[in-house]
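**Student:** To start, I am sharing the structure in question, which I have written as structure tokens.
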Amino acid sequence: MVAVAVDTLSIPGVRSSVRLCRAADIAPLAVDFLHRLPTRSSSDPGFYGAVLWPAALLLAQILNTGPALQGRTSFELGAGTGLASLVAAHRGARAIASDVYPLSLELIGRSASLERPPLDVTTAHFDVMSAEEVPRGVDLLLAADVLYLTDLTRAVARRVVEARRRDCAVLLTDSRKTHQKAFLEEMKALGVRNAYFDERELDWLPTHGERASVLVFE
Ligand SMILES: C[S@@+](CC[C@H](N)C(=O)[O-])C[C@H]1O[C@@H](n2cnc3c(N)ncnc32)[C@H](O)[C@@H]1O
């Protein structure tokens with residue numbers, strides 16, 4: 001296990017702050033290291049899942065100001081440090097945070113166990129691009145900043161369409177914008193024509209002026 005740092009985040013609307021574990025030697029926010037890279041790469045260097053991304057902040061903000069989630073089961077794709085799942089659990093959900101990156105699952109488990117009583121967050125290895133199904137009984141699908149590789153973007157679109165066919169609500173946010181067009185095209189190819197991205201402010205943390213968008217269905 002790498003050295004772990006714990007950040008305390010005060011999210012608008014949340015009663016208590018959220019403690020979030022991340023790899024200590026990278027940066028608190030993904031944008032901090034992205035801004036230091038010479039160019040923004042669309043490949044995944046392998047540590048994307050060990051830091052917090054702006055879209056997770058927007059997703060946390062939306063979950064926090066939305067209805068309570070008692071009795072609901074959320075499932076997060078590509079959870080990374082798992083902020084959205086931790087907030088969903090704070091809001092009463094039974095949260096399942098998934099990723100392919102073992103370090104992400106470790107970090108999320110640690111964050112959940114920092115609270116007393118521990119938050120109801122379980123972790124699962126789940127590859128969005130695999131044939132494995134999202135477990136039955138999930139009624140809220142969460143995803144933040146997972147639209148950054150072409151194949152992954154298409155697979156996420158398939159997961160979103162599958163979820164909606166099962167009457168599962170979907171909350172998907174994105175800050176990178178590079179693959180939103182491809183995502184919406186894939187959704188269209190799958191028969192969903194009423195979706196678009198709505199851009200929102202992220203003004204409660206120093207994010208280098210980043211904005212993030214939420215997927216909306218008309
Ligand atoms: C840019 S990070 C976003 C992390 C987190 N959702 C956030 O917003 O802070 C993308 C995440 O997707 C995960 N990921 C990449 N490919 C995946 C796949 N095929 N299935 C599931 N997760 C994947 C990475 O490990 C990483 O945690």
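Letters A, B, ... mark the chains of the structure tokens in the order given; residue numbers begin at 1 per chain; ligand numbers begin at 1, in order shown.
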List all protein, DNA and RNA residues that have any atom at most 7 Å from ligand 1, counting only C-alpha atoms and all ligand atoms, and write the list as a PyMOL selection string.
**Tutor:** chain A and resi 46+48-56+77-83+98-101+104+126-129+143-146+152
**Student:** Show me, as a VMD selection string, the residues that have an atom within 12 Å of Pro135 in chain A when counting only C-alpha atoms, minus same-chain residues fewer than 2 positions from it.
**Tutor:** chain A and resid 73 to 77 96 to 98 124 126 132 to 133 137 to 141 159 162 to 163 166 168
**Student:** Nearest to Leu215 in chain A: which of A:Leu107, A:Val192, A:Leu171, A:Leu86 is it, counting only C-alpha atoms?
**Tutor:**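 Between A:Leu107, A:Val192, A:Leu171, A:Leu86, the residue approaching Leu215 in chain A most closely is A:Leu171.
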**Student:** Pick out the residues sitting within 9 Å of Leu190 in chain A, and hand them over as a count of residues only; count only C-alpha atoms, and ignore anything fewer than 4 positions along from it in its own chain.
**Tutor:** 5
**Student:** Would you return as a ChimeraX atom specification the members of range 48-218 of chain A that DSSP assigns to strand (DSSP E or B) on this structure's backbone?
**Tutor:** /A:52,73-77,94-99,121-125,140-144,169-174,195-200,212-217
**Student:** Given the selection you just returned, output its residues as a file containing N, CA and C atoms, formatted as a CSV table (one decimal), in the first residue's frame.
**Tutor:**
```
chain,number,residue,atom,x,y,z
A,52,LEU,N,-8.6,12.9,-6.5
A,52,LEU,CA,-9.9,13.4,-6.7
A,52,LEU,C,-10.1,14.3,-7.9
A,73,THR,N,-29.8,1.8,-3.1
A,73,THR,CA,-28.5,1.2,-3.3
A,73,THR,C,-27.8,1.9,-4.5
A,74,SER,N,-26.7,2.5,-4.2
A,74,SER,CA,-26.0,3.1,-5.3
A,74,SER,C,-24.8,2.3,-5.8
A,75,PHE,N,-24.4,2.4,-7.0
A,75,PHE,CA,-23.3,1.7,-7.6
A,75,PHE,C,-22.5,2.7,-8.4
A,76,GLU,N,-21.2,2.9,-8.0
A,76,GLU,CA,-20.4,3.8,-8.7
A,76,GLU,C,-19.4,3.1,-9.6
A,77,LEU,N,-19.4,3.6,-10.9
A,77,LEU,CA,-18.4,3.1,-11.9
A,77,LEU,C,-17.1,3.9,-11.8
A,94,ARG,N,-27.0,2.6,0.7
A,94,ARG,CA,-26.1,1.5,0.8
A,94,ARG,C,-25.2,1.7,-0.5
A,95,ALA,N,-24.0,2.1,-0.3
A,95,ALA,CA,-23.2,2.4,-1.5
A,95,ALA,C,-22.2,1.3,-1.9
A,96,ILE,N,-22.1,1.1,-3.2
A,96,ILE,CA,-21.1,0.2,-3.7
A,96,ILE,C,-20.2,1.0,-4.6
A,97,ALA,N,-18.9,1.0,-4.3
A,97,ALA,CA,-18.0,1.8,-5.1
A,97,ALA,C,-17.1,0.8,-5.9
A,98,SER,N,-17.1,0.9,-7.2
A,98,SER,CA,-16.3,0.0,-8.0
A,98,SER,C,-15.3,0.6,-8.8
A,99,ASP,N,-14.3,-0.1,-9.1
A,99,ASP,CA,-13.2,0.3,-10.0
A,99,ASP,C,-12.4,-0.9,-10.4
A,121,VAL,N,-20.3,1.7,2.9
A,121,VAL,CA,-19.7,1.6,1.5
A,121,VAL,C,-19.0,0.3,1.3
A,122,THR,N,-19.4,-0.5,0.4
A,122,THR,CA,-18.6,-1.6,0.0
A,122,THR,C,-17.9,-1.4,-1.3
A,123,THR,N,-16.8,-2.1,-1.5
A,123,THR,CA,-16.0,-1.9,-2.7
A,123,THR,C,-16.1,-3.1,-3.5
A,124,ALA,N,-16.0,-2.9,-4.8
A,124,ALA,CA,-16.1,-4.1,-5.8
A,124,ALA,C,-15.2,-3.9,-7.0
A,125,HIS,N,-14.4,-4.9,-7.3
A,125,HIS,CA,-13.7,-4.8,-8.6
A,125,HIS,C,-14.7,-5.0,-9.7
A,140,LEU,N,-29.4,3.4,-8.2
A,140,LEU,CA,-28.8,4.7,-8.5
A,140,LEU,C,-27.4,4.4,-9.1
A,141,LEU,N,-27.2,4.7,-10.3
A,141,LEU,CA,-25.8,4.5,-10.9
A,141,LEU,C,-25.1,5.8,-10.9
A,142,LEU,N,-23.9,5.8,-10.4
A,142,LEU,CA,-23.1,7.0,-10.3
A,142,LEU,C,-21.8,6.9,-11.1
A,143,ALA,N,-21.4,8.0,-11.7
A,143,ALA,CA,-20.1,8.0,-12.4
A,143,ALA,C,-19.6,9.4,-12.6
A,144,ALA,N,-18.3,9.6,-12.3
A,144,ALA,CA,-17.7,10.9,-12.4
A,144,ALA,C,-16.4,10.8,-13.1
A,169,ALA,N,-31.9,5.1,-11.6
A,169,ALA,CA,-31.6,6.5,-11.9
A,169,ALA,C,-30.1,6.6,-12.2
A,170,VAL,N,-29.7,7.6,-13.0
A,170,VAL,CA,-28.3,7.7,-13.3
A,170,VAL,C,-27.8,9.2,-13.0
A,171,LEU,N,-26.7,9.3,-12.3
A,171,LEU,CA,-26.1,10.6,-12.1
A,171,LEU,C,-24.6,10.5,-12.7
A,172,LEU,N,-24.4,11.1,-13.8
A,172,LEU,CA,-23.0,11.1,-14.4
A,172,LEU,C,-22.5,12.5,-14.6
A,173,THR,N,-21.3,12.7,-14.2
A,173,THR,CA,-20.7,14.1,-14.3
A,173,THR,C,-19.4,13.9,-15.0
A,174,ASP,N,-19.0,15.0,-15.7
A,174,ASP,CA,-17.7,15.0,-16.5
A,174,ASP,C,-17.1,16.4,-16.5
A,195,ALA,N,-30.6,13.2,-24.4
A,195,ALA,CA,-29.6,13.4,-23.3
A,195,ALA,C,-28.7,14.6,-23.8
A,196,TYR,N,-28.3,15.4,-22.8
A,196,TYR,CA,-27.3,16.4,-23.1
A,196,TYR,C,-26.5,16.7,-21.8
A,197,PHE,N,-25.4,17.4,-21.9
A,197,PHE,CA,-24.6,17.8,-20.8
A,197,PHE,C,-24.9,19.3,-20.4
A,198,ASP,N,-25.1,19.5,-19.1
A,198,ASP,CA,-25.4,20.8,-18.6
A,198,ASP,C,-24.3,21.2,-17.7
A,199,GLU,N,-23.6,22.3,-18.1
A,199,GLU,CA,-22.4,22.8,-17.4
A,199,GLU,C,-22.7,23.5,-16.1
A,200,ARG,N,-22.0,23.2,-15.0
A,200,ARG,CA,-22.3,23.8,-13.7
A,200,ARG,C,-21.0,24.4,-13.1
A,212,ALA,N,-17.7,21.7,-14.4
A,212,ALA,CA,-18.0,20.3,-14.7
A,212,ALA,C,-19.5,20.2,-15.2
A,213,SER,N,-19.8,19.2,-15.9
A,213,SER,CA,-21.2,19.1,-16.5
A,213,SER,C,-21.8,17.8,-15.9
A,214,VAL,N,-23.2,17.9,-15.9
A,214,VAL,CA,-23.9,16.7,-15.5
A,214,VAL,C,-24.8,16.3,-16.6
A,215,LEU,N,-24.9,15.0,-16.8
A,215,LEU,CA,-25.8,14.4,-17.8
A,215,LEU,C,-27.2,14.6,-17.5
A,216,VAL,N,-28.0,15.2,-18.4
A,216,VAL,CA,-29.4,15.4,-18.1
A,216,VAL,C,-30.2,14.7,-19.2
A,217,PHE,N,-31.4,14.2,-18.8
A,217,PHE,CA,-32.3,13.6,-19.8
A,217,PHE,C,-33.5,14.5,-19.8
```
**Student:** Check the smallest atom-to-atom distance from each of A:Val18, A:Leu59, A:Val2, A:Ile11 to Ala112 in chain A using only C-alpha atoms, then report the winner.
**Tutor:**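 Ranking A:Val18, A:Leu59, A:Val2, A:Ile11 by distance to Ala112 in chain A, first place goes to A:Val18.
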**Student:** Using only C-alpha atoms for the distances, tell me which of A:Val160, A:Leu9, A:Leu149, A:Ala182 is nearest to Val87 in chain A.
**Tutor:**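 With only C-alpha atoms as the atom set, the closest residue is A:Leu9.
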**Student:** Running DSSP on the backbone, which parts of range 44-217 of chain A land in helix (DSSP H, G or I), as a PyMOL selection string?
**Tutor:** chain A and resi 48-50+54-65+83-90+102-114+150-165+180-189
**Student:** Fewer than 2 positions away in the same chain doesn't count, so skip those; otherwise give me all residues within 7 Å of Cys21 in chain A, counting only C-alpha atoms, as a compact mmCIF listing (two decimals) with C-alpha atoms, in the first residue's frame.
**Tutor:**
```
# COMPACT_ATOMS: atom_id res chain seq x y z
CA VAL A 4 -1.93 7.68 2.24
CA ALA A 5 -3.02 11.25 3.01
CA VAL A 6 -6.45 12.16 4.34
CA ASP A 7 -8.17 15.34 3.10
CA ARG A 19 -12.75 12.48 4.96
CA THR A 81 -11.16 7.80 -4.42
CA LEU A 107 -8.44 4.02 -0.46
CA ILE A 108 -12.24 3.96 -0.50
CA ARG A 110 -10.06 3.26 4.35
CA SER A 111 -12.11 6.45 3.91
```
